[in-house]
Structures are given as structure tokens and as C-alpha cells.
$ cat coords.txt   # compact mmCIF, C-alpha atoms
# COMPACT_ATOMS: atom_id res chain seq x y z
CA MET A 426 3.82 -15.71 23.22
CA THR A 427 3.83 -16.73 19.57
CA VAL A 428 0.76 -16.43 17.37
CA LYS A 429 -1.77 -18.45 19.26
CA THR A 430 -3.82 -21.26 17.85
CA LEU A 431 -7.56 -20.90 17.95
CA ALA A 432 -7.68 -23.31 20.88
CA SER A 433 -5.20 -21.30 22.92
CA LEU A 434 -6.98 -18.03 22.10
CA SER A 435 -10.16 -19.50 23.54
CA ARG A 436 -8.38 -19.94 26.89
CA CYS A 437 -7.15 -16.33 27.09
CA THR A 438 -8.80 -13.43 28.88
CA PHE A 439 -9.69 -10.38 26.81
CA ARG A 440 -11.38 -7.06 27.39
CA ALA A 441 -12.69 -4.25 25.22
CA GLY A 442 -10.04 -1.63 24.48
CA ALA A 443 -10.27 1.66 26.31
CA GLU A 444 -8.86 3.43 23.23
CA TYR A 445 -12.29 3.57 21.56
CA GLU A 446 -15.93 4.38 22.04
CA LEU A 447 -18.58 2.54 20.03
CA VAL A 448 -21.21 4.67 18.28
CA VAL A 449 -24.14 3.22 16.34
CA PHE A 450 -24.70 4.83 12.93
CA ASP A 451 -27.90 6.77 13.73
CA ARG A 452 -26.24 8.43 16.75
CA LEU A 453 -23.37 9.86 14.74
CA PRO A 454 -23.37 13.60 13.92
CA PRO A 455 -25.14 14.35 10.60
CA ASN A 456 -21.89 15.13 8.78
CA GLU A 457 -20.42 11.74 9.73
CA GLN A 458 -23.63 9.96 8.80
CA ALA A 459 -23.47 11.57 5.36
CA LEU A 460 -19.98 10.16 4.77
CA LEU A 461 -21.04 6.63 5.73
CA THR A 462 -24.59 6.55 4.45
CA GLU A 463 -23.77 4.02 1.69
CA LEU A 464 -22.78 1.47 4.31
CA ARG A 465 -26.36 1.32 5.56
CA ALA A 466 -27.15 -0.92 2.60
CA ASP A 467 -25.01 -3.61 4.23
CA PRO A 468 -27.22 -5.48 6.74
CA ALA A 469 -24.12 -6.31 8.82
CA PHE A 470 -23.12 -2.65 9.32
CA TYR A 471 -23.38 -1.24 12.86
CA GLY A 472 -21.49 2.04 13.21
CA VAL A 473 -18.00 3.19 14.15
CA LEU A 474 -15.35 2.72 16.77
CA ARG A 475 -14.16 6.26 17.47
CA PRO A 476 -10.69 6.55 19.06
CA ARG A 477 -9.70 8.92 21.82
CA PRO A 478 -8.03 11.97 20.20
CA GLU A 479 -4.72 11.40 21.95
CA SER A 480 -4.55 7.71 21.01
CA GLY A 481 -3.12 8.33 17.53
CA ARG A 482 -5.58 5.83 16.07
CA THR A 483 -8.09 6.22 13.27
CA ILE A 484 -11.86 5.81 13.22
CA LYS A 485 -13.12 2.37 12.18
CA ALA A 486 -16.37 1.39 10.52
CA VAL A 487 -17.49 -1.89 12.12
CA GLY A 488 -20.09 -4.56 11.60
CA LYS A 489 -22.49 -6.02 14.08
CA ASP A 490 -20.21 -8.96 14.94
CA THR A 491 -17.31 -6.71 15.98
CA ALA A 492 -19.67 -4.37 17.83
CA LEU A 493 -21.20 -7.28 19.76
CA LEU A 494 -17.74 -8.64 20.59
CA TRP A 495 -16.59 -5.25 21.90
CA LEU A 496 -19.76 -4.79 23.98
CA THR A 497 -19.55 -8.31 25.41
CA LEU A 498 -15.94 -7.77 26.51
CA GLN A 499 -16.73 -4.67 28.51
CA SER A 500 -16.38 -7.21 31.28
CA PRO A 501 -13.08 -9.13 30.92
CA GLY A 502 -13.40 -12.75 29.98
CA PRO A 503 -12.79 -15.32 27.24
CA LEU A 504 -13.82 -14.74 23.67
CA PRO A 505 -17.56 -15.44 23.45
CA PHE A 506 -18.71 -18.58 21.66
CA PHE A 507 -20.48 -16.69 18.87
CA PHE A 508 -17.26 -15.07 17.69
CA PHE A 509 -15.80 -18.34 16.41
CA GLY A 510 -18.84 -19.25 14.33
CA ASN A 511 -18.15 -21.50 11.36
CA ASP A 512 -15.01 -19.75 10.04
CA SER A 513 -12.19 -20.55 12.44
CA THR A 514 -9.54 -19.16 10.08
CA GLU A 515 -11.15 -15.72 9.97
CA ALA A 516 -11.52 -15.72 13.75
CA ALA A 517 -7.85 -16.60 14.27
CA THR A 518 -6.62 -13.86 11.91
CA THR A 519 -9.03 -11.17 13.13
CA ILE A 520 -7.99 -11.31 16.78
CA PRO A 521 -4.36 -10.18 16.20
CA GLN A 522 -5.61 -7.24 14.11
CA LEU A 523 -8.04 -6.18 16.85
CA LEU A 524 -5.30 -6.46 19.48
CA LEU A 525 -2.76 -4.44 17.49
CA ASP A 526 -5.38 -1.76 16.80
CA GLY A 527 -6.33 -1.54 20.48
CA VAL A 528 -9.92 -2.61 19.86
CA LEU A 529 -9.27 -5.53 22.22
CA GLU A 530 -6.75 -6.05 25.01
CA LEU A 531 -5.22 -9.37 26.06
CA GLU A 532 -4.28 -10.38 29.62
CA GLU A 533 -0.71 -11.60 29.90
CA ASN A 534 0.99 -12.14 33.29
CA GLY A 535 -1.55 -10.00 35.11
CA ARG A 536 -1.49 -7.08 32.64
CA PHE A 537 -3.72 -6.21 29.71
CA LEU A 538 -1.71 -5.63 26.54
CA PHE A 539 -2.55 -4.12 23.15
CA GLY A 540 -0.85 -2.22 20.35
CA THR A 541 2.94 -2.33 20.39
CA GLU A 542 3.12 -4.52 23.50
CA ALA A 543 0.81 -7.08 21.95
CA ALA A 544 2.85 -6.90 18.75
CA ASN A 545 5.94 -7.93 20.70
CA LEU A 546 4.13 -11.07 21.82
CA PHE A 547 3.32 -12.04 18.25
CA ALA A 548 6.80 -11.23 16.93
CA LYS A 549 8.82 -12.68 19.79
CA ASN A 550 9.82 -15.99 18.23
CA ARG A 551 9.75 -14.96 14.58
CA PRO A 552 13.26 -15.30 13.09
CA ALA A 553 14.66 -11.99 11.90
CA ALA A 554 15.45 -11.74 8.20
CA SER A 555 19.12 -11.00 7.57
CA ALA A 556 20.12 -8.04 5.43
CA ALA A 557 21.84 -10.46 3.06
CA SER A 558 18.57 -12.30 2.41
CA ARG A 559 16.69 -9.12 1.48
CA GLY A 560 16.83 -7.38 -1.85
CA ARG A 561 17.72 -3.77 -2.55
CA LEU A 562 14.10 -2.63 -2.63
CA ALA A 563 13.33 -4.30 0.69
CA LEU A 564 16.23 -2.42 2.26
CA LEU A 565 15.11 0.80 0.55
CA SER A 566 11.63 0.29 2.04
CA GLU A 567 13.20 -0.23 5.45
CA ALA A 568 15.07 3.05 5.04
CA ALA A 569 11.79 4.76 4.14
CA LEU A 570 10.23 3.57 7.40
CA ALA A 571 13.24 4.77 9.40
CA TYR A 572 12.91 8.17 7.71
CA GLY A 573 9.20 8.22 8.54
CA GLU A 574 9.97 7.52 12.19
CA SER A 575 12.42 10.41 12.34
CA LEU A 576 9.76 12.90 11.19
CA MET A 577 7.48 12.31 14.21
CA LEU A 578 4.44 13.48 12.25
CA SER A 579 0.98 13.25 13.80
CA ASP A 580 -1.06 13.46 10.60
CA PRO A 581 -1.32 10.07 8.84
CA ARG A 582 -1.91 11.73 5.47
CA GLN A 583 1.31 13.72 5.73
CA LEU A 584 3.29 10.68 6.84
CA ALA A 585 1.83 8.52 4.06
CA ALA A 586 2.86 11.17 1.51
CA ARG A 587 6.42 11.20 2.85
CA LEU A 588 6.67 7.40 2.75
CA TYR A 589 5.20 7.32 -0.75
CA GLY A 590 7.68 9.90 -2.06
CA PHE A 591 10.76 8.52 -0.31
CA GLY A 592 13.79 8.32 -2.57
CA ARG A 593 12.91 11.13 -4.98
CA GLN A 594 15.90 12.60 -6.75
CA PRO A 595 16.59 16.27 -5.87
CA LEU A 596 14.54 18.81 -7.82
CA THR A 597 17.40 21.01 -9.02
CA PRO A 598 17.17 24.15 -11.19
CA ARG A 599 18.71 22.15 -14.04
CA TRP A 600 15.91 19.58 -13.96
CA MET A 601 13.25 22.27 -13.60
CA ARG A 602 14.51 23.89 -16.80
CA GLU A 603 15.10 20.67 -18.75
CA LEU A 604 11.79 18.99 -17.80
CA ALA A 605 9.49 21.98 -17.54
CA ASP A 606 6.43 20.49 -19.27
CA ARG A 607 5.06 17.78 -21.59
CA ASP A 608 6.94 18.89 -24.68
CA ALA A 609 10.20 19.18 -22.74
CA VAL A 610 9.74 15.68 -21.32
CA LEU A 611 9.12 14.19 -24.76
CA ALA A 612 12.17 15.97 -26.15
CA PHE A 613 14.27 14.72 -23.23
CA VAL A 614 13.35 11.05 -23.81
CA GLY A 615 14.06 11.39 -27.54
CA ALA A 616 10.44 11.58 -28.71
CA GLY A 617 10.24 15.24 -29.68
CA MET A 618 8.33 16.37 -32.74
CA GLY A 619 9.78 15.05 -36.01
CA THR A 620 11.94 12.30 -34.45
CA ASP A 621 11.82 8.63 -35.48
CA LEU A 622 10.92 7.69 -31.93
CA ARG A 623 7.98 10.10 -31.94
CA ARG A 624 6.69 8.59 -35.17
CA ARG A 625 6.94 5.11 -33.64
CA LEU A 626 5.20 6.31 -30.48
CA ASP A 627 2.35 7.89 -32.43
CA SER A 628 1.92 4.87 -34.71
CA HIS A 629 1.56 2.33 -31.90
CA TRP A 630 0.14 4.39 -29.04
CA GLN A 631 -2.64 6.91 -28.48
CA GLU A 632 -1.97 9.62 -25.92
CA THR A 633 -4.91 9.86 -23.56
CA THR A 634 -6.00 11.59 -20.38
CA ASP A 635 -7.20 10.12 -17.11
CA ARG A 636 -8.52 12.27 -14.26
CA ASN A 637 -7.16 9.66 -11.84
CA MET A 638 -3.63 10.24 -13.17
CA PRO A 639 -2.95 13.98 -12.91
CA GLY A 640 0.61 14.97 -13.70
CA TRP A 641 1.25 11.93 -15.91
CA LEU A 642 1.63 11.46 -19.66
CA VAL A 643 -0.49 8.41 -20.47
CA TRP A 644 -0.64 6.29 -23.62
CA SER A 645 -3.01 3.47 -24.57
CA SER A 646 -2.17 0.90 -27.22
CA ARG A 647 -3.74 1.17 -30.64
CA VAL A 648 -3.80 -2.65 -30.72
CA GLN A 649 -7.45 -3.68 -30.59
CA ASN A 650 -6.97 -6.39 -27.96
CA GLY A 651 -5.07 -4.10 -25.65
CA CYS A 652 -6.59 -3.36 -22.27
CA LYS A 653 -7.78 0.16 -21.63
CA VAL A 654 -6.84 2.55 -18.86
CA GLY A 655 -8.61 1.41 -15.70
CA GLU A 656 -8.96 -2.22 -16.82
CA ALA A 657 -5.51 -3.42 -15.72
CA HIS A 658 -4.37 -3.71 -12.12
CA TYR A 659 -0.98 -5.37 -12.56
CA LYS A 660 1.73 -2.74 -12.90
CA LEU A 661 5.38 -2.97 -13.85
CA TYR A 662 7.58 -0.21 -12.44
CA VAL A 663 10.49 0.75 -14.68
CA SER A 664 12.74 2.85 -12.45
CA PRO A 665 15.97 4.14 -13.97
CA ASP A 666 17.88 7.13 -12.73
CA ALA A 667 16.52 10.17 -14.54
CA THR A 668 19.72 10.47 -16.59
CA ALA A 669 19.19 6.94 -17.96
CA LEU A 670 15.54 7.48 -18.91
CA PRO A 671 16.08 8.32 -22.63
CA GLN A 672 17.81 4.99 -23.28
CA VAL A 673 15.27 3.10 -21.17
CA PHE A 674 12.26 4.78 -22.78
CA ARG A 675 13.41 3.74 -26.25
CA VAL A 676 13.86 0.10 -25.18
CA VAL A 677 10.47 0.00 -23.46
CA LEU A 678 8.77 1.20 -26.65
CA GLU A 679 10.57 -1.43 -28.72
CA VAL A 680 9.55 -4.25 -26.37
CA THR A 681 5.95 -3.23 -25.74
CA SER A 682 4.73 -1.64 -28.99
CA SER A 683 2.91 -4.79 -30.21
CA ARG A 684 1.77 -6.09 -26.82
CA GLY A 685 -1.21 -3.85 -26.03
CA GLY A 686 -1.93 -2.31 -22.64
CA HIS A 687 -1.05 1.17 -21.57
CA PHE A 688 1.77 2.99 -19.85
CA LYS A 689 2.57 6.34 -18.27
CA ILE A 690 5.59 8.50 -17.45
CA GLY A 691 5.91 11.58 -15.28
CA GLY A 692 4.81 14.73 -17.09
CA ASP A 693 7.41 17.15 -15.71
CA ALA A 694 10.52 17.33 -13.51
CA PRO A 695 8.81 16.26 -10.23
CA GLY A 696 7.17 13.36 -12.08
CA LEU A 697 10.41 12.06 -13.61
CA LEU A 698 12.45 12.46 -10.45
CA ARG A 699 10.12 10.24 -8.41
CA PRO A 700 11.13 6.57 -8.11
CA ASP A 701 8.03 5.26 -9.92
CA LYS A 702 8.60 7.50 -12.94
CA MET A 703 7.45 4.98 -15.57
CA VAL A 704 4.67 2.43 -15.10
CA LEU A 705 3.39 -0.23 -17.51
CA TYR A 706 -0.03 -1.83 -16.95
CA PHE A 707 -1.14 -5.41 -17.63
CA ARG A 708 -4.25 -7.53 -17.26
CA ASN A 709 -2.40 -10.42 -15.64
CA GLN A 710 0.86 -11.28 -13.95
CA GLU A 711 1.99 -13.66 -16.70
CA ASP A 712 2.09 -10.90 -19.33
CA LEU A 713 3.82 -8.57 -16.91
CA LEU A 714 6.59 -11.05 -16.10
CA GLU A 715 7.09 -11.93 -19.77
CA VAL A 716 7.68 -8.27 -20.66
CA ALA A 717 9.81 -7.76 -17.55
CA SER A 718 12.06 -10.67 -18.52
CA GLU A 719 12.72 -9.18 -21.95
CA LEU A 720 13.30 -5.70 -20.52
CA ALA A 721 15.70 -7.06 -17.90
CA SER A 722 17.78 -8.63 -20.65
CA GLN A 723 17.90 -5.50 -22.79
CA LEU A 724 18.38 -2.97 -19.98
CA LYS A 725 21.37 -4.54 -18.28
CA GLY A 726 23.77 -1.83 -17.20
CA SER A 727 21.14 0.92 -16.94
CA THR A 728 21.53 3.00 -13.80
CA PRO A 729 18.63 2.10 -11.46
CA HIS A 730 16.64 4.32 -9.14
CA GLY A 731 14.36 1.84 -7.29
CA VAL A 732 10.75 1.99 -6.05
CA PRO A 733 10.21 1.41 -2.32
CA PHE A 734 7.29 -0.82 -1.27
CA SER A 735 7.24 -2.71 -4.57
CA ALA A 736 8.12 -6.33 -5.37
CA GLU A 737 11.61 -6.70 -6.79
CA ILE A 738 12.09 -8.30 -10.22
CA THR A 739 15.71 -7.36 -10.93
CA SER A 740 18.18 -7.37 -8.06
CA ASP A 741 19.30 -3.80 -8.76
CA GLY A 742 15.75 -2.43 -8.34
CA LEU A 743 15.39 -1.27 -11.95
CA LEU A 744 12.26 -3.41 -12.46
CA SER A 745 9.63 -4.21 -9.85
CA TRP A 746 5.89 -4.74 -9.75
CA GLY A 747 2.69 -4.18 -7.82
CA MET A 748 -1.02 -4.85 -8.10
CA ASP A 749 -3.58 -2.10 -7.56
CA PRO A 750 -6.54 -2.94 -5.32
CA PRO A 751 -9.73 -3.66 -7.28
CA ARG A 752 -12.45 -1.03 -7.26
CA SER A 753 -14.50 -3.28 -4.96
CA GLU A 754 -11.94 -2.55 -2.24
CA ARG A 755 -13.39 0.96 -1.98
CA LEU A 756 -16.26 0.77 0.50
CA LEU A 757 -17.62 4.19 -0.43
CA SER A 758 -18.05 5.76 -3.87
CA TRP A 759 -16.37 9.02 -2.84
CA GLN A 760 -13.13 7.27 -1.86
CA GLU A 761 -10.39 7.84 -4.41
CA PRO A 762 -8.80 4.88 -6.21
CA GLU A 763 -5.66 3.59 -4.53
CA SER A 764 -2.50 2.28 -6.12
CA TRP A 765 -0.59 -0.66 -4.61
CA ARG A 766 1.96 1.60 -2.97
CA LEU A 767 -0.62 4.12 -1.77
CA TRP A 768 -2.69 1.29 -0.27
CA LEU A 769 0.42 0.15 1.62
CA VAL A 770 1.78 3.49 2.84
CA ARG A 771 -1.59 4.65 4.16
CA ARG A 772 -1.78 1.56 6.36
CA LEU A 773 1.85 1.88 7.38
CA ALA A 774 1.40 5.55 8.30
CA ALA A 775 -1.72 4.91 10.40
CA ALA A 776 0.05 2.12 12.30
CA MET A 777 3.22 4.16 12.85
CA ILE A 778 1.32 7.10 14.30
CA ALA A 779 -0.65 4.80 16.61
CA ALA A 780 2.66 3.37 17.84
CA GLN A 781 4.13 6.85 18.35
CA ALA A 782 1.27 7.64 20.74
CA ASN A 783 2.66 5.01 23.13
CA PRO A 784 6.41 5.78 23.29
CA GLY A 785 8.59 3.42 25.25
CA LEU A 786 6.14 0.52 25.03
CA GLY A 787 6.83 -2.51 22.86
CA MET A 788 8.49 -1.98 19.50
CA ALA A 789 9.50 0.95 17.28
CA PRO A 790 6.79 2.53 15.09
CA GLY A 791 8.17 1.20 11.81
CA GLU A 792 8.54 -2.31 13.16
CA PHE A 793 5.03 -2.17 14.59
CA ALA A 794 3.64 -1.03 11.25
CA LEU A 795 5.23 -4.04 9.56
CA GLU A 796 3.77 -6.36 12.17
CA ARG A 797 0.32 -4.84 11.66
CA LEU A 798 0.48 -5.37 7.90
CA ARG A 799 1.65 -8.96 8.36
CA HIS A 800 -1.67 -9.66 10.04
CA GLU A 801 -3.50 -8.33 6.99
CA GLY A 802 -1.65 -10.89 4.88
CA VAL A 803 0.92 -8.49 3.38
CA ASP A 804 4.37 -9.84 2.51
CA VAL A 805 6.42 -7.19 4.31
CA GLU A 806 9.75 -8.82 3.45
CA GLY A 807 9.42 -8.73 -0.33
CA TRP A 808 6.31 -6.51 -0.76
CA THR A 809 4.91 -9.05 -3.20
CA PRO A 810 1.18 -8.49 -3.83
CA SER A 811 -1.36 -11.26 -3.44
CA VAL A 812 -4.89 -11.23 -4.80
CA SER A 813 -5.97 -13.00 -1.59
CA LEU A 814 -5.56 -9.67 0.22
CA TRP A 815 -8.85 -8.57 -1.33
CA GLN A 816 -10.68 -11.88 -1.29
CA ALA A 817 -11.32 -11.84 2.44
CA PRO A 818 -12.44 -9.08 4.82
CA ASN A 819 -9.66 -6.81 6.09
$ encode --input "coords.txt" --output "C-alpha cells"
Amino acid sequence: MTVKTLASLSRCTFRAGAEYELVVFDRLPPNEQALLTELRADPAFYGVLRPRPESGRTIKAVGKDTALLWLTLQSPGPLPFFFFGNDSTEAATTIPQLLLDGVLELEENGRFLFGTEAANLFAKNRPAASAASRGRLALLSEAALAYGESLMLSDPRQLAARLYGFGRQPLTPRWMRELADRDAVLAFVGAGMGTDLRRRLDSHWQETTDRNMPGWLVWSSRVQNGCKVGEAHYKLYVSPDATALPQVFRVVLEVTSSRGGHFKIGGDAPGLLRPDKMVLYFRNQEDLLEVASELASQLKGSTPHGVPFSAEITSDGLLSWGMDPPRSERLLSWQEPESWRLWLVRRLAAAMIAAQANPGLGMAPGEFALERLRHEGVDVEGWTPSVSLWQAPN
């Protein structure tokens, strides 16, 4: 089965997934109510779908429409008329997500399928992308998923952290000594006290602090029209090998000093050995690509490192980009801000662990995770962000 049209979906038989139990908000334990209390302001909020512990799935806050759909399909049958409503596009994209998450199950040849088996139905006739057609960062991201599979972790937070940090350079005693702290980092990149580069840095940039960026050295432009920390969501990753960072840092300062914005670099050895060791922030994609074009020209020949799960700009992986989710993406005030890559790897990790709970059925965990993100509108071939991801409900 390929992705079904809305008309064909209406002819299928579905049932509520046995992986979950539905709990209305006021019947949750007090500690869980406290975490979700802000959602009560939304008149569409109902409660949560709580997964069975052994299912490998995560708890889901749901609205009244999803709750009514799940309750209606306790008895197998077609999708109820009210689900389609006036927005046929939303209905057609929501069903695959509910099937892959196990919230719903679909009858196919006398069996009810969900999760990895349902994913196989959606992916069956999709042409596979050849390795030659994918860039270095896409292949690096694929390697990260294969590494994540090999770990067989059961905690999505641990798996997300491993995916996020994939590709770090080894933390050797030499690097620990050479990049011990802020002053050592600045000396390493050629901006130690008394240097010409330090004077240029101090004249164009103001070092600042941001509680959301621990472990980073952060600078904001002294240019009045420059955007401040927290205002820009478009980010340019500059990812050289650590040994090439001094040369790259100097060029970045030359190109960006009069363009406003802000940037950050890792504040010690672990920070500069990570793939995303230097990040420049912009208000819009046009400014980002303009700076990236100039950097690409001036940094030819620099040894690249490469940032997994980011959108390639240069074919060697030296420059890539992402777009952080807007603050409105956080449903609850206590949720921490997410970067583009963190937003991705948390979803990938949750999907991989759900797939691991059903070994031998359907597709491999990494492949399933990619399929799940496809149905959220993510470009899992090139990892190119789209603002439309956050313009419609997930």
C-alpha cells in the first residue's frame, strides 16, 4: 500500500491501538496534572494517551478530536465522518502519524497493522535514494542512526544525546590541556589578550552570556541593527576540524564583523571537538545564505568536520544550516528551548525506541524513525528545515 488518498482511507477499517490507555486530565495523578496544567487553558485539550510500559512509546497529550476518534474506534470500523471535518489535508496527514505511533491500527489482509509494519506499507513504493545522490552530511546522519541502532538503548533521552553528539572528535589529553578554558580557547583561535584579532573582536563584538547556552562563548554584534541573542532562529554551522579552527575563526570575523547578529563557539575542549563547534545566527535565510556564500569562497581547502542532521551548504560539510523552532513550539513554559538538531534527534530517538520494542516486525529502527519524521513534514534526505513544520499542528 502506498500513502492512501483521503478517499481510500475512508474505505479502510481501523481500530484503536492497544498500545495506549486514554486518561482525561482530571483523572491523572496530581504530579502529572501539575506538569500539564497550562494545557487546560486550551478548550480543545482532553488528556493523555499513556502507553504500556513495555511498548517503548512515549506519553502523548491529546485534544478532544483525537480522544473521540480513539474512543469511537474501540470497535473496529471506518474512520468516523466527524474526523474529516473541513480540513481534508490535515486529516490525510494525521492518519499516518497515528498509525506509526500505534494510536490507531489499520486492517490489511485480515491483520491489524501499526508501527513498523504500517510504516512498510507507506514506504513500499517510495524509490530509494542512491548514495551518489546524497551529500556527505546526509550520509553522516545515516551513520549516526546506524550507530544509535547498535546501542540498543531504552531511554529516549540517552539515545537522543548519543545521536546529537555523533561525530565528536576524540577528547585526548592534548586537547584537554590546550583547550582547558575560555582564555585557552581564545588563545588557540588567535584571539588571546593583546593580539590584533582580539582587538578586532572586541571592537565589533560584545561578549555576552546566555543561560540557554551553557558551555559556549557567545558574542553579540555592536552594530545597532544587529539582532540580539534569542531573536534569530536561522543558524549557520561552521564546522572545521579542530586543527583548522584558528584559520576559520579569523575568516569568519572578517566576513561577519559589519553584518550584525551574534555567534558562538565552544568554550573548552569538549565544545570545540563537537561537530557544531561554531554557530552564526541570522534573522532570515537570505542573510544566512549570503554570508555562507562568501565564507565558502574564502574557506576553500579548510579541513571539514561536518554536522549530522543539518542541511548541507558546501559539499564537504564545512558549512550547513538549520532553523530553531520558534518559542511557540513549546507547549509548556517549563519546557527548555530546542535547537533544530535537538528537535530532530529527540523525535528520532523516540521513534527508534518504539521500533526496537517490536523486533522482527517491519523495518529497522533507524529507517522507521525516518519514515515517522517524513510524516511530520521533515526532509529526511537533506535535513533542510521548513517553516511550515511549525505552522500546522504536529
$ residues_around --input "coords.txt" --residues "Met748 (chain A)" --least-positions-apart "6" --cutoff "12 Å" --atoms "all atoms listed in the file" --output "PyMOL selection string"
chain A and resi 657-662+704-710+713+734-736+763-769+808-815
$ closest_residue --input "coords.txt" --among "A:Leu744, A:Ala459, A:Leu724, A:Leu447" --to "Leu494 (chain A)" --atoms "only C-alpha atoms"
A:Leu447
$ residues_around --input "coords.txt" --residues "Asp580 (chain A)" --least-positions-apart "5" --cutoff "12 Å" --atoms "all atoms listed in the file" --output "JSON, numbers by chain"
{"A": [478, 481, 482, 483, 573, 585, 586, 587, 771, 774, 775, 776, 777, 778, 779, 781, 782]}
$ residues_around --input "coords.txt" --residues "region 516-532 of chain A" --least-positions-apart "5" --cutoff "6 Å" --atoms "all atoms listed in the file" --output "PyMOL selection string"
chain A and resi 431+438-442+509+537-540
$ residues_near_point --input "coords.txt" --point "(8.3, -1.7, 2.3)" --cutoff "9 Å" --atoms "all atoms listed in the file" --output "MDAnalysis selection string"
chainID A and resid 562:570 733:736 766 769:770 773 795 805:808
$ axis_aligned_box --input "coords.txt" --around "region 544-547 of chain A" --padding-each-side "6 Å" --output "lines of an AutoDock Vina configuration file"
center_x = 4.4
center_y = -9.5
center_z = 20.0
size_x = 15.1
size_y = 17.1
size_z = 15.6
$ residues_around --input "coords.txt" --residues "Ser682 (chain A)" --least-positions-apart "2" --cutoff "12 Å" --atoms "only C-alpha atoms" --output "ChimeraX atom specification"
/A:622,625-631,644-648,651,674-680,684-688,705,716
